[in-house]
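K.L.:
This one is work-v7.cif, mmCIF, C-alpha atoms and all ligand atoms.
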data_upload
#
loop_
_atom_site.label_atom_id
_atom_site.label_comp_id
_atom_site.auth_asym_id
_atom_site.auth_seq_id
_atom_site.Cartn_x
_atom_site.Cartn_y
_atom_site.Cartn_z
CA MET A 1 -24.67 130.95 -274.79
CA SER A 2 -26.98 129.13 -277.18
CA LEU A 3 -30.44 128.29 -275.99
CA ARG A 4 -31.57 124.99 -277.38
CA LYS A 5 -35.03 124.95 -275.96
CA ASN A 6 -37.80 127.46 -276.33
CA ILE A 7 -37.71 129.81 -273.36
CA TYR A 8 -40.90 131.66 -274.32
CA LYS A 9 -44.26 130.77 -272.77
CA THR A 10 -47.58 130.84 -274.59
CA PRO A 11 -50.28 133.32 -273.52
CA ALA A 12 -52.15 130.46 -271.83
CA GLU A 13 -49.03 129.49 -269.90
CA LEU A 14 -48.48 133.09 -268.78
CA ARG A 15 -52.00 133.11 -267.35
CA LEU A 16 -51.17 130.01 -265.31
CA MET A 17 -48.26 131.84 -263.71
CA VAL A 18 -50.45 134.56 -262.18
CA SER A 19 -51.75 132.51 -259.23
CA PRO A 20 -48.42 131.07 -258.02
CA GLY A 21 -47.00 134.60 -258.31
CA ARG A 22 -49.78 135.97 -256.12
CA ALA A 23 -49.29 133.18 -253.55
CA THR A 24 -45.59 134.02 -253.42
CA ALA A 25 -46.39 137.71 -252.92
CA ALA A 26 -48.89 136.91 -250.17
CA SER A 27 -46.35 134.79 -248.29
CA LEU A 28 -43.82 137.61 -248.29
CA ALA A 29 -46.42 140.17 -247.19
CA ALA A 30 -47.34 137.90 -244.27
CA VAL A 31 -43.71 137.39 -243.27
CA LYS A 32 -42.94 141.09 -243.58
CA SER A 33 -45.72 141.99 -241.17
CA ALA A 34 -44.43 139.38 -238.69
CA ILE A 35 -40.79 140.49 -238.67
CA ARG A 36 -39.80 142.01 -235.35
CA ALA A 37 -37.10 141.62 -232.74
CA GLY A 38 -37.65 138.36 -230.86
CA VAL A 39 -39.18 136.31 -233.67
CA THR A 40 -37.28 133.25 -234.88
CA THR A 41 -36.63 132.62 -238.53
CA LEU A 42 -38.40 129.26 -238.16
CA GLU A 43 -41.55 131.07 -237.01
CA LEU A 44 -41.39 133.19 -240.16
CA ASP A 45 -41.05 130.02 -242.23
CA ALA A 46 -44.24 128.62 -240.67
CA ILE A 47 -46.13 131.83 -241.48
CA ALA A 48 -45.01 131.66 -245.12
CA GLU A 49 -45.96 128.00 -245.45
CA ALA A 50 -49.41 128.52 -243.92
CA THR A 51 -50.08 131.47 -246.22
CA ILE A 52 -49.09 129.56 -249.35
CA ARG A 53 -51.07 126.44 -248.43
CA ALA A 54 -54.17 128.49 -247.51
CA LEU A 55 -54.18 129.70 -251.12
CA GLY A 56 -54.13 126.15 -252.43
CA ALA A 57 -50.49 126.40 -253.51
CA ALA A 58 -47.40 124.58 -252.25
CA PRO A 59 -43.96 125.79 -251.18
CA ASN A 60 -41.58 125.08 -254.05
CA PHE A 61 -38.24 125.52 -252.30
CA MET A 62 -38.96 122.10 -250.73
CA LYS A 63 -38.50 120.61 -254.18
CA GLU A 64 -34.82 121.50 -254.08
CA PRO A 65 -33.04 118.29 -253.07
CA GLY A 66 -32.23 118.41 -249.36
CA TYR A 67 -34.13 121.64 -248.59
CA ARG A 68 -37.00 121.29 -246.12
CA HIS A 69 -38.32 124.81 -245.70
CA THR A 70 -40.68 127.27 -247.40
CA ILE A 71 -38.40 130.30 -247.30
CA CYS A 72 -34.75 131.21 -247.04
CA THR A 73 -33.86 133.65 -244.24
CA SER A 74 -30.51 135.38 -244.68
CA VAL A 75 -29.51 137.65 -241.79
CA ASN A 76 -26.84 140.41 -241.84
CA ASP A 77 -23.72 139.12 -243.65
CA ASP A 78 -25.64 136.10 -244.93
CA ILE A 79 -26.67 136.95 -248.50
CA VAL A 80 -28.93 134.16 -249.74
CA HIS A 81 -30.00 130.57 -248.99
CA GLY A 82 -30.02 130.97 -245.19
CA ILE A 83 -31.97 128.16 -243.48
CA PRO A 84 -34.82 129.05 -241.07
CA GLY A 85 -34.16 127.87 -237.54
CA ALA A 86 -33.83 128.91 -233.91
CA ARG A 87 -32.07 132.18 -234.72
CA VAL A 88 -33.86 135.05 -233.00
CA LEU A 89 -34.01 138.31 -234.93
CA GLU A 90 -32.42 141.19 -233.05
CA PRO A 91 -32.88 144.95 -233.30
CA GLY A 92 -30.95 146.32 -236.27
CA ASP A 93 -30.72 142.99 -238.11
CA ILE A 94 -31.07 143.17 -241.90
CA VAL A 95 -32.92 140.07 -243.01
CA SER A 96 -33.63 138.88 -246.54
CA ILE A 97 -36.60 136.58 -247.09
CA ASP A 98 -36.80 134.53 -250.29
CA SER A 99 -40.04 132.63 -250.94
CA GLY A 100 -41.63 130.62 -253.70
CA ALA A 101 -44.92 128.90 -254.45
CA GLU A 102 -46.08 126.35 -256.98
CA LEU A 103 -49.64 126.01 -258.21
CA ALA A 104 -50.91 123.67 -260.93
CA GLY A 105 -47.34 122.99 -261.96
CA TRP A 106 -46.23 126.61 -262.36
CA ASN A 107 -43.90 128.59 -260.12
CA GLY A 108 -43.38 131.97 -258.48
CA ASP A 109 -40.17 133.22 -256.83
CA ALA A 110 -39.56 136.52 -255.02
CA ALA A 111 -37.53 138.07 -252.20
CA ILE A 112 -37.64 141.08 -249.89
CA THR A 113 -35.25 142.60 -247.38
CA VAL A 114 -36.35 144.11 -244.06
CA VAL A 115 -34.35 145.97 -241.39
CA VAL A 116 -35.54 145.24 -237.85
CA PRO A 117 -36.12 148.57 -236.04
CA ASP A 118 -33.50 149.63 -233.49
CA PRO A 119 -34.23 153.06 -231.97
CA SER A 120 -30.90 152.98 -230.09
CA ARG A 121 -28.82 152.80 -233.29
CA PRO A 122 -30.40 155.15 -235.87
CA SER A 123 -27.30 155.52 -238.04
CA LEU A 124 -26.79 151.75 -238.28
CA VAL A 125 -30.44 151.26 -239.23
CA ALA A 126 -30.26 154.07 -241.80
CA GLU A 127 -27.14 152.57 -243.38
CA ARG A 128 -28.70 149.12 -243.67
CA GLN A 129 -32.02 150.53 -244.90
CA LYS A 130 -30.16 152.38 -247.64
CA LEU A 131 -28.46 149.13 -248.68
CA SER A 132 -31.89 147.51 -248.92
CA ASP A 133 -33.40 150.51 -250.72
CA VAL A 134 -30.60 150.66 -253.30
CA THR A 135 -31.01 146.95 -253.95
CA GLU A 136 -34.80 147.24 -254.27
CA GLN A 137 -34.57 150.26 -256.55
CA SER A 138 -32.05 148.46 -258.76
CA LEU A 139 -34.63 145.69 -259.10
CA TRP A 140 -37.34 148.16 -260.15
CA ARG A 141 -34.96 149.75 -262.66
CA GLY A 142 -34.18 146.33 -264.08
CA ILE A 143 -37.89 145.54 -264.34
CA ALA A 144 -38.63 148.94 -265.93
CA SER A 145 -35.92 148.47 -268.54
CA LEU A 146 -37.40 145.09 -269.43
CA ALA A 147 -40.41 147.02 -270.77
CA SER A 148 -38.34 148.58 -273.55
CA ALA A 149 -35.20 146.44 -273.89
CA THR A 150 -34.73 144.44 -277.09
CA HIS A 151 -32.38 141.95 -275.41
CA LEU A 152 -32.45 140.64 -271.85
CA ASN A 153 -28.89 141.44 -270.80
CA HIS A 154 -29.51 145.16 -271.29
CA ILE A 155 -31.20 145.26 -267.90
CA GLY A 156 -28.04 144.23 -266.03
CA GLY A 157 -26.21 147.32 -267.24
CA GLU A 158 -29.07 149.52 -266.04
CA MET A 159 -29.00 147.87 -262.62
CA GLU A 160 -25.23 148.15 -262.30
CA ASP A 161 -25.18 151.82 -263.30
CA TYR A 162 -27.88 152.67 -260.76
CA ILE A 163 -26.18 150.79 -257.90
CA ASP A 164 -22.79 152.35 -258.68
CA SER A 165 -24.41 155.81 -258.67
CA GLN A 166 -25.62 155.29 -255.10
CA GLY A 167 -22.34 154.61 -253.33
CA SER A 168 -19.73 151.93 -252.78
CA TYR A 169 -21.66 148.69 -253.09
CA GLY A 170 -20.81 145.24 -254.37
CA ILE A 171 -23.04 143.38 -256.88
CA LEU A 172 -22.77 139.64 -256.47
CA GLU A 173 -21.59 137.71 -259.51
CA ASP A 174 -21.53 134.22 -257.96
CA TYR A 175 -25.36 134.12 -258.13
CA VAL A 176 -27.74 135.58 -260.72
CA GLY A 177 -31.42 135.55 -261.65
CA HIS A 178 -33.11 133.04 -263.93
CA GLY A 179 -35.99 132.11 -266.14
CA ILE A 180 -38.99 130.64 -264.31
CA GLY A 181 -41.97 128.54 -265.37
CA ARG A 182 -42.69 124.86 -264.85
CA SER A 183 -39.40 124.80 -262.97
CA MET A 184 -38.34 127.45 -260.48
CA HIS A 185 -34.94 127.76 -262.14
CA GLU A 186 -34.86 127.76 -265.95
CA ASP A 187 -32.87 129.36 -268.74
CA PRO A 188 -31.95 132.09 -269.33
CA PRO A 189 -29.59 133.46 -266.65
CA VAL A 190 -30.45 137.04 -265.66
CA PHE A 191 -27.38 139.13 -264.85
CA ASN A 192 -27.55 142.00 -262.39
CA TYR A 193 -24.53 143.66 -264.00
CA ARG A 194 -23.19 144.47 -267.46
CA VAL A 195 -22.06 141.52 -269.60
CA ARG A 196 -20.80 141.41 -273.18
CA ASP A 197 -23.41 139.01 -274.56
CA ARG A 198 -26.75 140.63 -275.42
CA GLY A 199 -28.70 137.62 -274.21
CA PRO A 200 -32.01 136.38 -275.61
CA ARG A 201 -34.57 138.66 -277.22
CA VAL A 202 -37.11 140.30 -274.95
CA LYS A 203 -40.45 139.34 -276.47
CA PRO A 204 -43.87 138.08 -275.36
CA GLY A 205 -43.59 134.87 -273.36
CA LEU A 206 -40.33 135.69 -271.58
CA VAL A 207 -40.66 135.20 -267.81
CA VAL A 208 -37.68 135.96 -265.61
CA ALA A 209 -36.86 136.14 -261.91
CA ILE A 210 -34.70 139.25 -261.53
CA GLU A 211 -32.85 139.18 -258.20
CA PRO A 212 -30.08 141.64 -257.38
CA MET A 213 -27.89 140.60 -254.44
CA VAL A 214 -25.93 143.59 -253.18
CA THR A 215 -23.39 144.01 -250.37
CA ALA A 216 -22.05 147.00 -248.48
CA GLY A 217 -18.55 145.80 -249.39
CA GLY A 218 -16.97 143.14 -251.57
CA ILE A 219 -18.52 140.48 -253.79
CA ASP A 220 -16.60 137.41 -252.62
CA THR A 221 -18.83 134.75 -251.05
CA PHE A 222 -18.49 131.49 -249.19
CA THR A 223 -20.93 128.77 -248.15
CA ARG A 224 -21.30 128.14 -244.42
CA GLU A 225 -20.96 124.72 -242.74
CA ASP A 226 -24.70 124.09 -243.14
CA GLU A 227 -23.87 123.73 -246.87
CA TRP A 228 -26.63 126.20 -247.84
CA THR A 229 -26.08 129.65 -246.39
CA VAL A 230 -24.09 131.96 -248.67
CA ALA A 231 -22.30 134.77 -246.80
CA THR A 232 -19.92 137.64 -247.56
CA VAL A 233 -16.22 136.86 -247.09
CA ASP A 234 -15.54 140.37 -245.75
CA GLY A 235 -18.41 140.22 -243.24
CA THR A 236 -20.26 143.19 -244.71
CA MET A 237 -24.05 143.33 -244.75
CA ALA A 238 -26.08 142.12 -247.74
CA ALA A 239 -29.52 142.71 -249.26
CA HIS A 240 -31.57 140.69 -251.76
CA TRP A 241 -34.73 141.69 -253.64
CA GLU A 242 -36.45 139.62 -256.31
CA HIS A 243 -39.54 139.56 -258.52
CA SER A 244 -40.81 137.17 -261.19
CA VAL A 245 -41.76 139.27 -264.22
CA ALA A 246 -43.67 138.31 -267.37
CA VAL A 247 -43.40 139.94 -270.79
CA HIS A 248 -46.61 139.64 -272.84
CA ALA A 249 -48.05 141.15 -275.99
CA GLY A 250 -49.54 144.09 -274.06
CA GLY A 251 -46.56 144.94 -271.86
CA ILE A 252 -44.97 143.63 -268.67
CA TRP A 253 -46.55 142.35 -265.46
CA VAL A 254 -44.80 141.69 -262.16
CA LEU A 255 -46.26 138.32 -261.22
CA THR A 256 -45.05 138.44 -257.60
CA ALA A 257 -46.38 141.93 -256.79
CA GLU A 258 -50.00 142.27 -255.68
CA ASP A 259 -50.38 145.33 -257.93
CA GLY A 260 -48.38 143.91 -260.83
CA GLY A 261 -45.59 146.33 -259.98
CA ALA A 262 -47.62 149.55 -260.42
CA ALA A 263 -46.30 151.24 -257.28
CA GLY A 264 -42.68 150.25 -257.79
CA LEU A 265 -42.68 151.27 -261.45
CA ALA A 266 -44.69 154.50 -261.14
CA ALA A 267 -41.66 156.75 -260.70
CA LEU A 268 -39.94 155.08 -263.64
CA GLY A 269 -42.62 155.84 -266.21
CA VAL A 270 -43.72 152.25 -266.76
CA VAL A 271 -47.33 151.13 -266.27
CA PRO A 272 -47.70 147.34 -265.88
CA VAL A 273 -50.42 145.69 -267.95
CA PRO A 274 -52.37 142.70 -266.59
CA ILE A 275 -51.91 139.45 -268.50
CA PRO A 276 -55.06 139.06 -270.63
MG MG B 1 -34.73 133.16 -257.62
#
For this file, produce the structure as structure tokens.

P.N.:
Amino acid sequence: MSLRKNIYKTPAELRLMVSPGRATAASLAAVKSAIRAGVTTLELDAIAEATIRALGAAPNFMKEPGYRHTICTSVNDDIVHGIPGARVLEPGDIVSIDSGAELAGWNGDAAITVVVPDPSRPSLVAERQKLSDVTEQSLWRGIASLASATHLNHIGGEMEDYIDSQGSYGILEDYVGHGIGRSMHEDPPVFNYRVRDRGPRVKPGLVVAIEPMVTAGGIDTFTREDEWTVATVDGTMAAHWEHSVAVHAGGIWVLTAEDGGAAGLAALGVVPVPIP
């Protein structure tokens, strides 16, 4: 694809993306600590919204035409874009939470997956936790490879190879990551799998939301009757992890991690560098 507009942010613009990234991270930390059997997905949405607003930011998913919530809550075979509501989380559920915040016109976007404890079904919980862990680790590998890649699409091959090495999983192709900045969704697309095109150069100013969506089965999806929720056709479980990551002159920084990604990248030999 040819990119007509400049996808690279200035150093001053990168600095403006730190606060919305932190607000996004804080909302997910608050939701994570509230996830338990018996909570509704709408209660989680309220927690995320309150956290973002308390930091002087605003939920940015509400800017999507027709979407009225702060987060997306995708449970079990729902993959992404699930709408918060009266659904009560049950023991053993695998739930993906996608959140985003805007501050001073700049955006953050991130997602986590959590398995609700179920002491009566340890093997089911272990299986779903591994699906989440493989997805999260593929994200960290993609982020780590961004630190040394010359072209963006290199990271998709790294993610695919890691996921394939871990078992029989499906990497969604109907949905991919994206650039992020003044808009939540910008060029370029960020593939979670190997593609022929090398993609744009990785250089200071590139900011991307990397978001692997992985299933325990096939990659075919459909949209439910609510016209938002994307689910697996084969009914297998799904996980979704996402971070917004900035490339700057000194290195990379994970905008939506409280520690810039230090913990997640430690085992991969990459040390994130704060945006100056
Ligand atoms: Mg995203």

K.L.:
Nearest residue to A:Gln129 out of A:Gly199, A:Leu28, A:Val75, A:Ala239, using only C-alpha atoms?

P.N.:
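Nearest to A:Gln129: A:Ala239.
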
K.L.:
At a cut-off of 10 Å and counting all atoms listed in the file, what residues surround ligand MG 1 (chain B)? Please answer as a ChimeraX atom specification.

P.N.:
/A:61,80,98-100,108-111,175-180,184-186,190,208-212,241-244

K.L.:
From the set A:Val134, A:Ile79, A:Val247, A:Ile97, which residue has the shortest atom-to-atom contact distance to A:Ser165, counting only C-alpha atoms?

P.N.:
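Among the listed residues, the smallest separation from A:Ser165 belongs to A:Val134.
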
K.L.:
Using all atoms listed in the file, which of A:Leu42, A:Val233, A:Ala29, A:Asp93 sits nearest A:Ile71?

P.N.:
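The shortest atom-to-atom distance to A:Ile71 comes from A:Leu42.
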
K.L.:
Which residues, protein or nucleic acid, reach to within 12 Å of (-32.8, 127.1, -239.8) in the file's coordinates when using all atoms listed in the file, and can you give that as a list in words?

P.N.:
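The residues near that point, listed by chain and number, are Thr40, Thr41, Leu42, Glu43, Leu44, Asp45, Ala46, Tyr67, Arg68, His69, Thr70, Ile71, Cys72, Thr73, Ser74, Val75, His81, Gly82, Ile83, Pro84, Gly85, Ala86, Arg87, Val88, Asp226, Glu227, Trp228 and Thr229 of chain A.
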
K.L.:
Between atom CA of A:Gly167 and atom CA of A:Ala126, what is the distance, to one decimal in Å?

P.N.:
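Those two atoms sit 14.0 Å apart.
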
K.L.:
List the neighbours of A:His151 out to 6 Å using all atoms listed in the file; skip same-chain residues closer than 2 positions along the sequence, and give me the result as JSON, numbers by chain.

P.N.:
{"A": [149, 153, 154, 198, 199, 200, 201, 202]}
